[in-house]
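**Student:** Provided herewith: coords-v9.tsv, TSV, C-alpha atoms.
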```tsv
chain	number	residue	atom	x	y	z
A	149	MET	CA	-6.97	-8.85	-59.19
A	150	THR	CA	-6.09	-7.89	-55.61
A	151	LYS	CA	-2.39	-7.87	-54.79
A	152	GLY	CA	-1.07	-7.53	-51.28
A	153	THR	CA	1.93	-7.37	-49.04
A	154	SER	CA	2.71	-6.75	-45.38
A	155	PHE	CA	5.56	-5.51	-43.22
A	156	GLU	CA	6.25	-4.71	-39.56
A	157	ALA	CA	6.43	-1.06	-38.47
A	158	MET	CA	5.21	1.15	-35.62
A	159	GLY	CA	5.00	-1.91	-33.36
A	160	THR	CA	2.39	-3.59	-35.54
A	161	THR	CA	1.77	-5.18	-38.94
A	162	PHE	CA	0.97	-3.01	-41.94
A	163	GLU	CA	-1.03	-4.73	-44.68
A	164	LEU	CA	-1.37	-3.23	-48.15
A	165	LEU	CA	-3.97	-4.29	-50.74
A	166	LEU	CA	-4.24	-2.94	-54.27
A	167	ASP	CA	-6.61	-3.87	-57.11
A	168	VAL	CA	-4.78	-3.82	-60.45
A	169	GLU	CA	-4.95	-5.59	-63.76
A	170	ASN	CA	-3.03	-8.81	-64.04
A	171	GLY	CA	0.60	-8.32	-65.07
A	172	ILE	CA	1.03	-4.90	-63.46
A	173	ASP	CA	4.10	-4.71	-61.21
A	174	VAL	CA	2.96	-3.13	-57.95
A	175	SER	CA	6.17	-3.67	-55.97
A	176	PRO	CA	7.48	-0.09	-56.57
A	177	SER	CA	4.29	1.30	-55.00
A	178	PHE	CA	4.41	-1.15	-52.09
A	179	ASN	CA	8.08	-0.25	-51.51
A	180	ALA	CA	7.29	3.48	-51.64
A	181	VAL	CA	4.59	3.02	-48.98
A	182	GLU	CA	6.95	1.04	-46.73
A	183	ARG	CA	9.68	3.69	-47.06
A	184	GLU	CA	7.22	6.46	-46.15
A	185	VAL	CA	5.85	4.54	-43.15
A	186	ARG	CA	9.37	3.96	-41.82
A	187	ARG	CA	10.24	7.63	-42.34
A	188	LEU	CA	7.15	8.69	-40.38
A	189	GLU	CA	7.94	6.16	-37.63
A	190	ARG	CA	11.35	7.80	-37.17
A	191	ILE	CA	9.54	11.11	-36.58
A	192	LEU	CA	6.64	9.96	-34.40
A	193	SER	CA	7.94	7.17	-32.16
A	194	ARG	CA	8.26	7.96	-28.44
A	195	PHE	CA	10.52	4.91	-28.05
A	196	ASP	CA	13.15	6.25	-30.47
A	197	GLU	CA	15.27	8.74	-28.54
A	198	GLY	CA	16.32	10.44	-31.75
A	199	SER	CA	12.79	10.94	-33.09
A	200	GLU	CA	11.43	14.45	-33.44
A	201	LEU	CA	8.70	13.60	-30.91
A	202	SER	CA	11.23	12.42	-28.31
A	203	ARG	CA	13.32	15.55	-28.82
A	204	LEU	CA	10.21	17.71	-28.37
A	205	ASN	CA	9.25	15.83	-25.19
A	206	ARG	CA	12.74	16.38	-23.78
A	207	ALA	CA	13.06	20.03	-24.78
A	208	GLY	CA	9.48	21.18	-24.18
A	209	THR	CA	9.82	23.62	-27.07
A	210	LEU	CA	11.04	22.75	-30.55
A	211	GLU	CA	10.74	23.78	-34.16
A	212	VAL	CA	9.54	20.60	-35.85
A	213	GLY	CA	8.76	19.43	-39.37
A	214	PRO	CA	5.39	19.65	-41.09
A	215	GLU	CA	4.43	16.06	-40.29
A	216	LEU	CA	4.68	16.53	-36.52
A	217	VAL	CA	2.96	19.91	-36.74
A	218	GLU	CA	0.07	18.33	-38.65
A	219	ILE	CA	-0.45	15.29	-36.43
A	220	VAL	CA	-0.11	17.24	-33.17
A	221	GLY	CA	-2.60	19.77	-34.50
A	222	ARG	CA	-4.98	16.95	-35.44
A	223	ALA	CA	-4.60	15.33	-32.01
A	224	LEU	CA	-5.31	18.64	-30.27
A	225	ALA	CA	-8.38	19.17	-32.44
A	226	ALA	CA	-9.52	15.68	-31.42
A	227	ARG	CA	-9.05	16.61	-27.77
A	228	THR	CA	-11.49	19.49	-28.28
A	229	GLU	CA	-13.94	17.46	-30.40
A	230	THR	CA	-14.14	14.68	-27.80
A	231	ASP	CA	-14.31	16.98	-24.74
A	232	GLY	CA	-10.93	15.69	-23.60
A	233	ARG	CA	-11.55	11.95	-23.89
A	234	PHE	CA	-8.95	11.71	-26.64
A	235	ASP	CA	-5.79	13.42	-25.44
A	236	PRO	CA	-2.20	13.30	-26.72
A	237	THR	CA	-0.84	14.42	-23.33
A	238	VAL	CA	-1.20	10.93	-21.82
A	239	HIS	CA	2.53	10.15	-22.18
A	240	ASP	CA	3.39	10.26	-18.47
A	241	ALA	CA	0.20	8.40	-17.53
A	242	LEU	CA	1.16	5.58	-19.92
A	243	VAL	CA	4.64	5.45	-18.38
A	244	ALA	CA	3.15	5.45	-14.87
A	245	ALA	CA	0.93	2.54	-15.90
A	246	GLY	CA	4.05	0.64	-16.99
A	247	TYR	CA	4.00	1.26	-20.77
A	248	ASP	CA	7.50	2.76	-20.75
A	249	ARG	CA	9.09	0.73	-23.55
A	250	PRO	CA	7.96	-0.93	-26.80
A	251	PHE	CA	5.04	-3.20	-25.98
A	252	ALA	CA	6.87	-6.39	-26.99
A	253	GLU	CA	9.42	-5.70	-24.21
A	254	ILE	CA	6.86	-5.21	-21.41
A	255	PRO	CA	6.70	-8.24	-19.10
A	256	ALA	CA	3.23	-9.73	-18.69
A	257	ASP	CA	3.42	-9.07	-14.92
A	258	GLN	CA	5.75	-6.42	-13.57
A	259	PRO	CA	6.26	-4.87	-10.12
A	260	ALA	CA	4.51	-1.62	-9.24
A	261	THR	CA	6.38	1.52	-10.27
A	262	GLY	CA	5.14	3.85	-7.52
A	263	ALA	CA	2.66	6.34	-8.93
A	264	ASP	CA	0.04	4.47	-10.95
A	265	SER	CA	-1.67	7.52	-12.42
A	266	CYS	CA	-0.64	10.88	-13.75
A	267	ALA	CA	-2.47	14.11	-14.56
A	268	CYS	CA	-3.24	14.73	-18.23
A	269	GLY	CA	-4.56	17.65	-20.20
A	270	GLY	CA	-1.70	20.16	-20.05
A	271	ALA	CA	-1.36	23.01	-22.52
A	272	VAL	CA	0.18	22.46	-25.95
A	273	ARG	CA	0.65	25.29	-28.44
A	274	VAL	CA	1.33	24.75	-32.13
A	275	ASP	CA	2.46	27.62	-34.37
A	276	VAL	CA	1.80	26.31	-37.85
A	277	ALA	CA	3.62	29.21	-39.56
A	278	SER	CA	6.92	28.73	-37.71
A	279	GLY	CA	6.55	25.00	-37.03
A	280	ARG	CA	7.10	25.63	-33.33
A	281	VAL	CA	5.47	23.40	-30.73
A	282	ASP	CA	5.44	24.50	-27.06
A	283	LEU	CA	4.57	22.13	-24.24
A	284	GLU	CA	3.56	23.34	-20.82
A	285	PRO	CA	6.29	22.36	-18.32
A	286	GLY	CA	5.82	18.72	-17.31
A	287	VAL	CA	3.70	17.87	-20.39
A	288	ARG	CA	4.88	15.17	-22.81
A	289	LEU	CA	3.07	13.80	-25.84
A	290	ASP	CA	2.22	10.27	-26.94
A	291	LEU	CA	0.78	9.95	-30.44
A	292	GLY	CA	0.27	6.18	-30.36
A	293	ALA	CA	-3.51	6.56	-30.33
A	294	ILE	CA	-3.61	8.37	-33.65
A	295	ALA	CA	-0.29	7.80	-35.44
A	296	LYS	CA	-1.16	4.53	-37.15
A	297	GLY	CA	-4.49	5.73	-38.55
A	298	TRP	CA	-2.98	9.05	-39.58
A	299	THR	CA	-0.13	7.21	-41.31
A	300	ALA	CA	-2.56	4.89	-43.12
A	301	ASP	CA	-4.46	7.94	-44.43
A	302	ARG	CA	-1.22	9.57	-45.48
A	303	VAL	CA	0.17	6.67	-47.53
A	304	LEU	CA	-3.13	5.51	-49.06
A	305	PRO	CA	-2.86	7.94	-52.03
A	306	ILE	CA	0.45	6.33	-53.04
A	307	LEU	CA	-1.46	3.12	-53.77
A	308	ALA	CA	-4.73	4.74	-54.82
A	309	ALA	CA	-2.99	6.36	-57.78
A	310	HIS	CA	-2.98	2.87	-59.37
A	311	GLY	CA	-6.44	1.60	-58.41
A	312	PRO	CA	-8.74	0.70	-55.52
A	313	ALA	CA	-6.52	0.42	-52.45
A	314	LEU	CA	-6.50	-0.38	-48.75
A	315	VAL	CA	-3.93	0.24	-46.02
A	316	ASN	CA	-4.40	-1.65	-42.75
A	317	ALA	CA	-2.13	-0.29	-40.02
A	318	GLY	CA	-2.52	-3.01	-37.41
A	319	GLY	CA	-6.31	-2.68	-37.46
A	320	ASP	CA	-6.66	0.99	-38.44
A	321	VAL	CA	-7.88	0.83	-42.01
A	322	ALA	CA	-7.91	3.50	-44.73
A	323	ALA	CA	-9.50	2.43	-48.00
A	324	CYS	CA	-10.95	3.73	-51.24
A	325	GLY	CA	-12.12	2.77	-54.69
A	326	ARG	CA	-14.38	-0.26	-54.10
A	327	THR	CA	-16.27	-2.24	-51.46
A	328	TRP	CA	-13.77	-3.53	-48.91
A	329	PRO	CA	-15.18	-6.21	-46.54
A	330	ILE	CA	-13.33	-6.06	-43.19
A	331	ARG	CA	-13.88	-8.59	-40.40
A	332	ILE	CA	-14.01	-7.29	-36.82
A	333	GLU	CA	-11.76	-9.71	-34.94
A	334	ALA	CA	-13.34	-9.24	-31.51
A	335	ALA	CA	-16.89	-9.67	-32.90
A	336	GLY	CA	-16.52	-13.17	-34.29
A	337	ASP	CA	-17.55	-13.38	-37.93
A	338	LEU	CA	-19.09	-9.91	-38.10
A	339	THR	CA	-17.85	-8.17	-41.24
A	340	VAL	CA	-18.23	-4.48	-42.09
A	341	ALA	CA	-17.73	-3.12	-45.59
A	342	ILE	CA	-16.55	0.42	-46.37
A	343	GLU	CA	-16.24	2.11	-49.74
A	344	CYS	CA	-14.01	5.12	-49.19
A	345	GLY	CA	-13.02	6.11	-45.68
A	346	GLY	CA	-11.66	4.73	-42.46
A	347	LEU	CA	-12.43	1.96	-40.00
A	348	ALA	CA	-10.57	1.51	-36.71
A	349	THR	CA	-10.76	-0.49	-33.51
A	350	SER	CA	-9.78	0.58	-29.99
A	351	GLY	CA	-9.86	-1.87	-27.15
A	352	VAL	CA	-8.14	-3.80	-24.44
A	353	ASP	CA	-8.09	-7.28	-25.95
A	354	ARG	CA	-4.46	-6.47	-26.82
A	355	ARG	CA	-1.77	-4.24	-25.34
A	356	ARG	CA	-2.57	-5.07	-21.75
A	357	TRP	CA	-0.35	-6.27	-18.88
A	358	ARG	CA	-0.28	-6.40	-15.09
A	359	THR	CA	1.56	-3.94	-12.87
A	360	GLY	CA	1.76	-4.79	-9.18
A	361	GLY	CA	-0.91	-7.43	-9.71
A	362	THR	CA	-3.38	-4.97	-11.25
A	363	GLU	CA	-4.45	-5.18	-14.89
A	364	ARG	CA	-3.28	-2.21	-16.96
A	365	HIS	CA	-3.85	-1.40	-20.61
A	366	HIS	CA	-2.94	1.25	-23.13
A	367	LEU	CA	-6.26	3.11	-23.19
A	368	ILE	CA	-5.71	5.88	-20.65
A	369	ASP	CA	-8.71	7.86	-19.44
A	370	PRO	CA	-7.31	11.43	-19.35
A	371	ARG	CA	-9.82	12.32	-16.64
A	372	THR	CA	-8.30	9.82	-14.19
A	373	GLY	CA	-4.81	9.54	-15.65
A	374	THR	CA	-4.88	5.76	-15.53
A	375	SER	CA	-6.12	2.80	-17.59
A	376	ALA	CA	-9.85	3.22	-18.28
A	377	ALA	CA	-12.28	1.06	-16.33
A	378	THR	CA	-15.29	-0.05	-18.39
A	379	ASP	CA	-17.24	-3.14	-19.38
A	380	LEU	CA	-16.24	-2.65	-23.02
A	381	LEU	CA	-13.71	-4.90	-24.70
A	382	THR	CA	-13.43	-3.12	-28.06
A	383	VAL	CA	-15.07	-0.39	-30.12
A	384	THR	CA	-14.88	-0.39	-33.90
A	385	ALA	CA	-15.91	2.85	-35.61
A	386	ALA	CA	-16.22	4.09	-39.18
A	387	ALA	CA	-15.46	7.64	-40.24
A	388	GLU	CA	-14.20	9.79	-43.10
A	389	THR	CA	-10.57	8.81	-42.44
A	390	ALA	CA	-8.72	6.17	-40.46
A	391	ALA	CA	-7.44	8.84	-38.04
A	392	ASP	CA	-10.99	10.11	-37.46
A	393	ALA	CA	-12.20	6.54	-36.95
A	394	GLU	CA	-9.41	5.94	-34.42
A	395	VAL	CA	-10.34	9.10	-32.49
A	396	LEU	CA	-14.01	8.13	-32.56
A	397	ALA	CA	-13.37	4.56	-31.44
A	398	THR	CA	-11.18	5.72	-28.53
A	399	SER	CA	-13.69	8.39	-27.53
A	400	LEU	CA	-16.58	5.89	-27.51
A	401	TYR	CA	-14.47	3.39	-25.57
A	402	LEU	CA	-13.97	6.03	-22.88
A	403	ALA	CA	-17.71	6.73	-22.62
A	404	GLY	CA	-17.70	4.63	-19.45
A	405	SER	CA	-19.89	1.65	-20.36
A	406	ILE	CA	-21.32	-0.16	-23.36
A	407	GLU	CA	-24.75	1.40	-22.70
A	408	ARG	CA	-23.36	4.94	-22.67
A	409	ALA	CA	-21.20	4.30	-25.74
A	410	ALA	CA	-24.17	2.86	-27.66
A	411	ALA	CA	-26.41	5.78	-26.63
A	412	GLU	CA	-23.79	8.29	-27.72
A	413	ALA	CA	-23.15	6.53	-31.04
A	414	ASP	CA	-26.92	6.40	-31.71
A	415	ALA	CA	-27.49	10.02	-30.71
A	416	ARG	CA	-24.68	11.33	-32.90
A	417	SER	CA	-25.03	8.81	-35.75
A	418	PHE	CA	-21.53	7.41	-35.31
A	419	PRO	CA	-21.55	3.98	-37.00
A	420	ALA	CA	-19.90	1.62	-34.53
A	421	VAL	CA	-19.70	-1.96	-33.35
A	422	LEU	CA	-19.30	-2.32	-29.58
A	423	VAL	CA	-18.05	-5.55	-28.02
A	424	ALA	CA	-18.48	-6.06	-24.27
A	425	ARG	CA	-16.05	-7.98	-22.09
A	426	ASP	CA	-18.74	-10.64	-21.61
A	427	GLY	CA	-18.95	-11.14	-25.39
A	428	ASP	CA	-22.10	-9.14	-26.17
A	429	VAL	CA	-21.94	-7.39	-29.55
A	430	VAL	CA	-23.93	-4.19	-30.17
A	431	GLN	CA	-24.30	-2.40	-33.50
A	432	ALA	CA	-24.89	1.32	-33.00
A	433	GLY	CA	-25.09	4.63	-34.82
A	434	GLY	CA	-27.35	3.34	-37.57
A	435	LEU	CA	-24.93	0.63	-38.73
A	436	ARG	CA	-26.93	-2.04	-40.55
L	270	MET	CA	-4.39	108.08	-40.75
L	271	THR	CA	-4.32	107.04	-44.28
L	272	ASP	CA	-6.95	104.83	-45.95
L	273	HIS	CA	-4.33	102.17	-46.20
L	274	VAL	CA	-3.79	101.97	-42.41
L	275	LEU	CA	-7.58	102.01	-41.80
L	276	ARG	CA	-8.03	99.04	-44.11
L	277	LEU	CA	-5.34	97.12	-42.17
L	278	TYR	CA	-7.10	97.83	-38.84
L	279	ALA	CA	-10.42	96.69	-40.30
L	280	LEU	CA	-8.88	93.48	-41.59
L	281	ALA	CA	-7.23	92.74	-38.22
L	282	LEU	CA	-10.54	93.32	-36.41
L	283	ALA	CA	-12.35	91.02	-38.84
L	284	VAL	CA	-9.82	88.19	-38.29
L	285	LEU	CA	-10.05	88.67	-34.49
L	286	GLY	CA	-13.84	88.61	-34.63
L	287	PHE	CA	-13.76	85.38	-36.67
L	288	PHE	CA	-11.61	83.53	-34.12
L	289	VAL	CA	-13.68	84.81	-31.18
L	290	ALA	CA	-16.85	83.55	-32.89
L	291	TRP	CA	-15.16	80.18	-33.64
L	292	ALA	CA	-14.14	79.75	-29.98
L	293	ALA	CA	-17.65	80.63	-28.81
L	294	ILE	CA	-19.28	78.06	-31.11
L	295	ALA	CA	-16.69	75.35	-30.27
L	296	ALA	CA	-17.52	75.76	-26.56
L	297	GLU	CA	-21.09	74.56	-27.32
L	298	PRO	CA	-22.67	76.79	-24.69
L	299	TRP	CA	-26.13	75.46	-25.59
L	300	GLU	CA	-25.22	71.93	-24.22
L	301	PRO	CA	-26.40	71.46	-20.61
L	302	ALA	CA	-23.59	71.29	-18.07
L	303	SER	CA	-23.08	67.78	-16.56
L	304	GLY	CA	-24.61	67.68	-13.14
L	305	PRO	CA	-22.83	66.27	-10.13
L	306	ASP	CA	-25.36	63.40	-9.65
L	307	PRO	CA	-26.64	61.48	-12.72
L	308	ASP	CA	-30.29	60.65	-12.84
L	309	PRO	CA	-30.65	57.13	-11.26
L	310	LEU	CA	-33.28	56.15	-13.81
L	311	THR	CA	-30.94	57.11	-16.67
L	312	ALA	CA	-28.09	55.12	-15.09
L	313	GLU	CA	-30.36	52.08	-14.70
L	314	LEU	CA	-31.45	52.38	-18.33
L	315	ASP	CA	-27.79	52.55	-19.39
L	316	LEU	CA	-27.04	49.36	-17.44
L	317	TYR	CA	-30.09	47.65	-18.93
L	318	GLU	CA	-28.98	48.67	-22.43
L	319	GLN	CA	-25.51	47.24	-21.76
L	320	ARG	CA	-27.04	43.95	-20.56
L	321	LEU	CA	-29.22	43.80	-23.68
L	322	SER	CA	-26.17	44.44	-25.84
L	323	ARG	CA	-24.23	41.63	-24.14
L	324	ALA	CA	-27.21	39.27	-24.49
L	325	ALA	CA	-27.47	40.12	-28.18
L	326	ARG	CA	-23.76	39.41	-28.69
L	327	LEU	CA	-24.14	36.08	-26.85
L	328	ALA	CA	-27.16	35.13	-28.94
L	329	GLN	CA	-25.21	35.94	-32.10
L	330	LEU	CA	-22.25	33.83	-30.89
L	331	LEU	CA	-24.53	30.89	-30.10
L	332	ALA	CA	-26.18	31.17	-33.50
L	333	GLU	CA	-22.74	31.13	-35.17
L	334	ARG	CA	-21.74	28.05	-33.14
L	335	ARG	CA	-25.00	26.30	-34.09
L	336	ALA	CA	-24.33	27.09	-37.75
L	337	GLU	CA	-20.77	25.73	-37.44
L	338	ARG	CA	-22.06	22.53	-35.83
L	339	ALA	CA	-24.71	22.13	-38.52
L	340	THR	CA	-22.04	22.54	-41.19
L	341	ALA	CA	-19.76	20.08	-39.40
L	342	SER	CA	-22.51	17.49	-39.07
L	343	GLY	CA	-23.33	18.00	-42.75
L	344	VAL	CA	-19.69	17.38	-43.64
L	345	GLN	CA	-19.69	14.34	-41.38
L	346	ALA	CA	-22.86	13.00	-42.98
L	347	ARG	CA	-21.38	13.39	-46.46
L	348	ALA	CA	-18.12	11.77	-45.33
L	349	LEU	CA	-19.98	8.84	-43.82
L	350	ALA	CA	-22.04	8.54	-46.98
L	351	ALA	CA	-18.75	8.22	-48.86
L	352	ALA	CA	-17.44	5.63	-46.39
L	353	ALA	CA	-20.83	3.85	-46.60
L	354	PRO	CA	-20.16	1.47	-43.71
L	355	ARG	CA	-22.55	-1.49	-43.56
L	356	ILE	CA	-22.71	-5.04	-42.29
L	357	VAL	CA	-22.08	-7.58	-45.07
L	358	THR	CA	-21.80	-11.32	-45.51
L	359	LEU	CA	-18.99	-11.06	-48.07
L	360	PRO	CA	-15.75	-12.94	-47.40
L	361	PRO	CA	-13.45	-10.48	-45.61
L	362	LEU	CA	-10.30	-9.21	-47.31
L	363	THR	CA	-8.70	-8.01	-44.09
L	364	VAL	CA	-9.29	-7.74	-40.33
L	365	THR	CA	-9.62	-4.80	-37.95
L	366	ARG	CA	-8.43	-5.30	-34.38
L	367	THR	CA	-7.13	-3.24	-31.49
L	368	SER	CA	-4.18	-1.42	-33.00
```
What would you get if you wrote out this structure as structure tokens?
**Tutor:**
Amino acid sequence: MTKGTSFEAMGTTFELLLDVENGIDVSPSFNAVEREVRRLERILSRFDEGSELSRLNRAGTLEVGPELVEIVGRALAARTETDGRFDPTVHDALVAAGYDRPFAEIPADQPATGADSCACGGAVRVDVASGRVDLEPGVRLDLGAIAKGWTADRVLPILAAHGPALVNAGGDVAACGRTWPIRIEAAGDLTVAIECGGLATSGVDRRRWRTGGTERHHLIDPRTGTSAATDLLTVTAAAETAADAEVLATSLYLAGSIERAAAEADARSFPAVLVARDGDVVQAGGLR
Amino acid sequence: MTDHVLRLYALALAVLGFFVAWAAIAAEPWEPASGPDPDPLTAELDLYEQRLSRAARLAQLLAERRAERATASGVQARALAAAAPRIVTLPPLTVTRTS
């Protein structure tokens, strides 16, 4: 039977599912996952002044633990893989857009802050051997676009040791061991199944607000340094891991339009479901 | 002069002759002296050879990159085969949404 639980962390809801025989107590595994997620949140949150990420952003250079080294390295690799569409150096652009505190505390309509865009793409160096991360002066990191998927991948093995398992980090899903049907919220009743891998959604149907009367959202286009303008509402992508799916979904969202995103997904065989702001739903990348 | 002194002189002359011969050979007098103006055709050929060498290195680099991409896409294909994403009509167990 499938047992489940959920808890709030990283500004979203984590849902855990585990297939086990009846009578097996799964609460120790669920508790272990929750402890690990909260530990990682204390490292990766930009809203926690004591987190390792916040200390790095303040200092510009810091010897950090293996978790931050790994996720920053993964985010930088994603920046290269996506030709700069996915970029962890969007911190100041997010703040300029008004996302300067936990999302729940952002008013739905707030006054303009002055600058409404900010340059992205500064240099970041990671020395894996020493654990040292160096930021170019003026560069600060935000890992919100990858942290939840990366965390889901990281804690999945804790559950998978006991049977087929799924971790849903607010929509970024890591799963293994069986067929897991997952509904895409923005696409009505459309349901995608994965066996062992990741599925993630990026979009602007959530985490959006108005600053100075202009709509802003959390998906920053690093090329303009401000909230991306496109006719897409959401992109859901499947990949080897939840973190990879999150990178892919964000990259396709920033393709510029639903036509370009669909063409790119088809050309590169990226299985994806694209939802336009007008409600159109497109399956791309060979997804059937 | 005694035989002993003569033998010493002969030995000294032989050693001197050896070093003189060594110096003469090391000077490579048979090599043509470098002229003040290189042949323009030779210089052009040298430049052409350098360009060919750079082009060959670039071609090798591109071939390596193509091989890396082919490997990466192979890995991606296998990974996606493992994920096996597909549209289903099964009742969903969870929901994906903007995270």
**Student:** Could you work out which residues of chain L fall inside 6 Å of chain A? Count only C-alpha atoms, and format the result as an MDAnalysis selection string.
**Tutor:** chainID L and resid 348:349 351:357 361:368
**Student:** Can you tell me which residues surround A:Asp275 at a distance of at most 12 Å, considering only C-alpha atoms, apart from same-chain residues fewer than 2 positions away, and format the answer as a PyMOL selection string?
**Tutor:** chain A and resi 209-214+216-218+220-221+272-273+277-283
**Student:** So how far away is atom CA of A:Asp264 from atom CA of A:Phe234, in Å?
**Tutor:** 19.5 Å
**Student:** Set the distance at 7 Å and use only C-alpha atoms: which residues neighbour A:Ala376 once local chain neighbours fewer than 3 positions away are removed? I'd like the list as a PyMOL selection string.
**Tutor:** chain A and resi 367-369+402
**Student:** Which of these residues is nearest to A:Thr261, using only C-alpha atoms: A:Glu412, A:Ala241, A:Gly152, A:Arg186?
**Tutor:**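 Looking only at the distances to A:Thr261, the closest residue turns out to be A:Ala241.
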**Student:** So how far away is atom CA of A:Ala393 from atom CA of A:Thr153, in Å?
**Tutor:**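 Atom CA of A:Ala393 lies at a distance of 23.2 Å from atom CA of A:Thr153.
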**Student:** Near A:Ala244, counting all atoms listed in the file, which residues have an atom at most 12 Å away, once you skip same-chain residues fewer than 3 positions from it, shown as number ranges by chain?
**Tutor:** A: 238-241, 247-249, 259-268, 359-360, 364-366, 368, 373-375
**Student:** For the atom pair atom CA of A:Ala403 and atom CA of A:Arg233, what is the interatomic distance in Å to one decimal place?
**Tutor:** 8.2 Å
**Student:** Write a file for stretch 290-296 of chain L of the given structure; include all heavy atoms and format it as a CSV table (one decimal), in the first residue's frame.
**Tutor:**
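Printed below is decode-v4.csv as written:
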```csv
chain,number,residue,atom,x,y,z
L,290,ALA,N,89.5,18.7,-33.1
L,290,ALA,CA,88.6,18.0,-34.0
L,290,ALA,C,87.1,18.1,-33.6
L,290,ALA,O,86.2,18.3,-34.3
L,290,ALA,CB,89.0,16.5,-34.2
L,291,TRP,N,86.9,17.9,-32.2
L,291,TRP,CA,85.6,18.0,-31.6
L,291,TRP,C,84.9,19.4,-31.9
L,291,TRP,O,83.8,19.5,-32.3
L,291,TRP,CB,85.7,17.7,-30.1
L,291,TRP,CG,84.4,17.5,-29.5
L,291,TRP,CD1,83.1,17.7,-30.0
L,291,TRP,CD2,84.1,17.2,-28.1
L,291,TRP,NE1,82.1,17.5,-29.1
L,291,TRP,CE2,82.7,17.2,-27.9
L,291,TRP,CE3,85.0,16.9,-27.0
L,291,TRP,CZ2,82.2,16.8,-26.7
L,291,TRP,CZ3,84.4,16.6,-25.8
L,291,TRP,CH2,83.0,16.5,-25.6
L,292,ALA,N,85.7,20.4,-31.6
L,292,ALA,CA,85.2,21.8,-31.8
L,292,ALA,C,84.9,22.0,-33.3
L,292,ALA,O,83.9,22.7,-33.6
L,292,ALA,CB,86.3,22.8,-31.4
L,293,ALA,N,85.7,21.5,-34.2
L,293,ALA,CA,85.5,21.7,-35.6
L,293,ALA,C,84.2,21.0,-36.1
L,293,ALA,O,83.4,21.6,-36.8
L,293,ALA,CB,86.6,21.2,-36.4
L,294,ILE,N,83.9,19.8,-35.6
L,294,ILE,CA,82.7,19.1,-35.9
L,294,ILE,C,81.5,19.8,-35.3
L,294,ILE,O,80.4,19.9,-36.0
L,294,ILE,CB,82.8,17.6,-35.5
L,294,ILE,CG1,83.9,16.9,-36.3
L,294,ILE,CG2,81.4,16.9,-35.6
L,294,ILE,CD1,84.2,15.5,-35.8
L,295,ALA,N,81.6,20.2,-34.0
L,295,ALA,CA,80.5,20.8,-33.3
L,295,ALA,C,80.0,22.1,-34.0
L,295,ALA,O,78.9,22.5,-34.0
L,295,ALA,CB,80.8,21.1,-31.9
L,296,ALA,N,81.0,22.8,-34.7
L,296,ALA,CA,80.6,24.1,-35.4
L,296,ALA,C,79.8,23.8,-36.7
L,296,ALA,O,79.2,24.8,-37.2
L,296,ALA,CB,81.9,24.8,-35.8
```
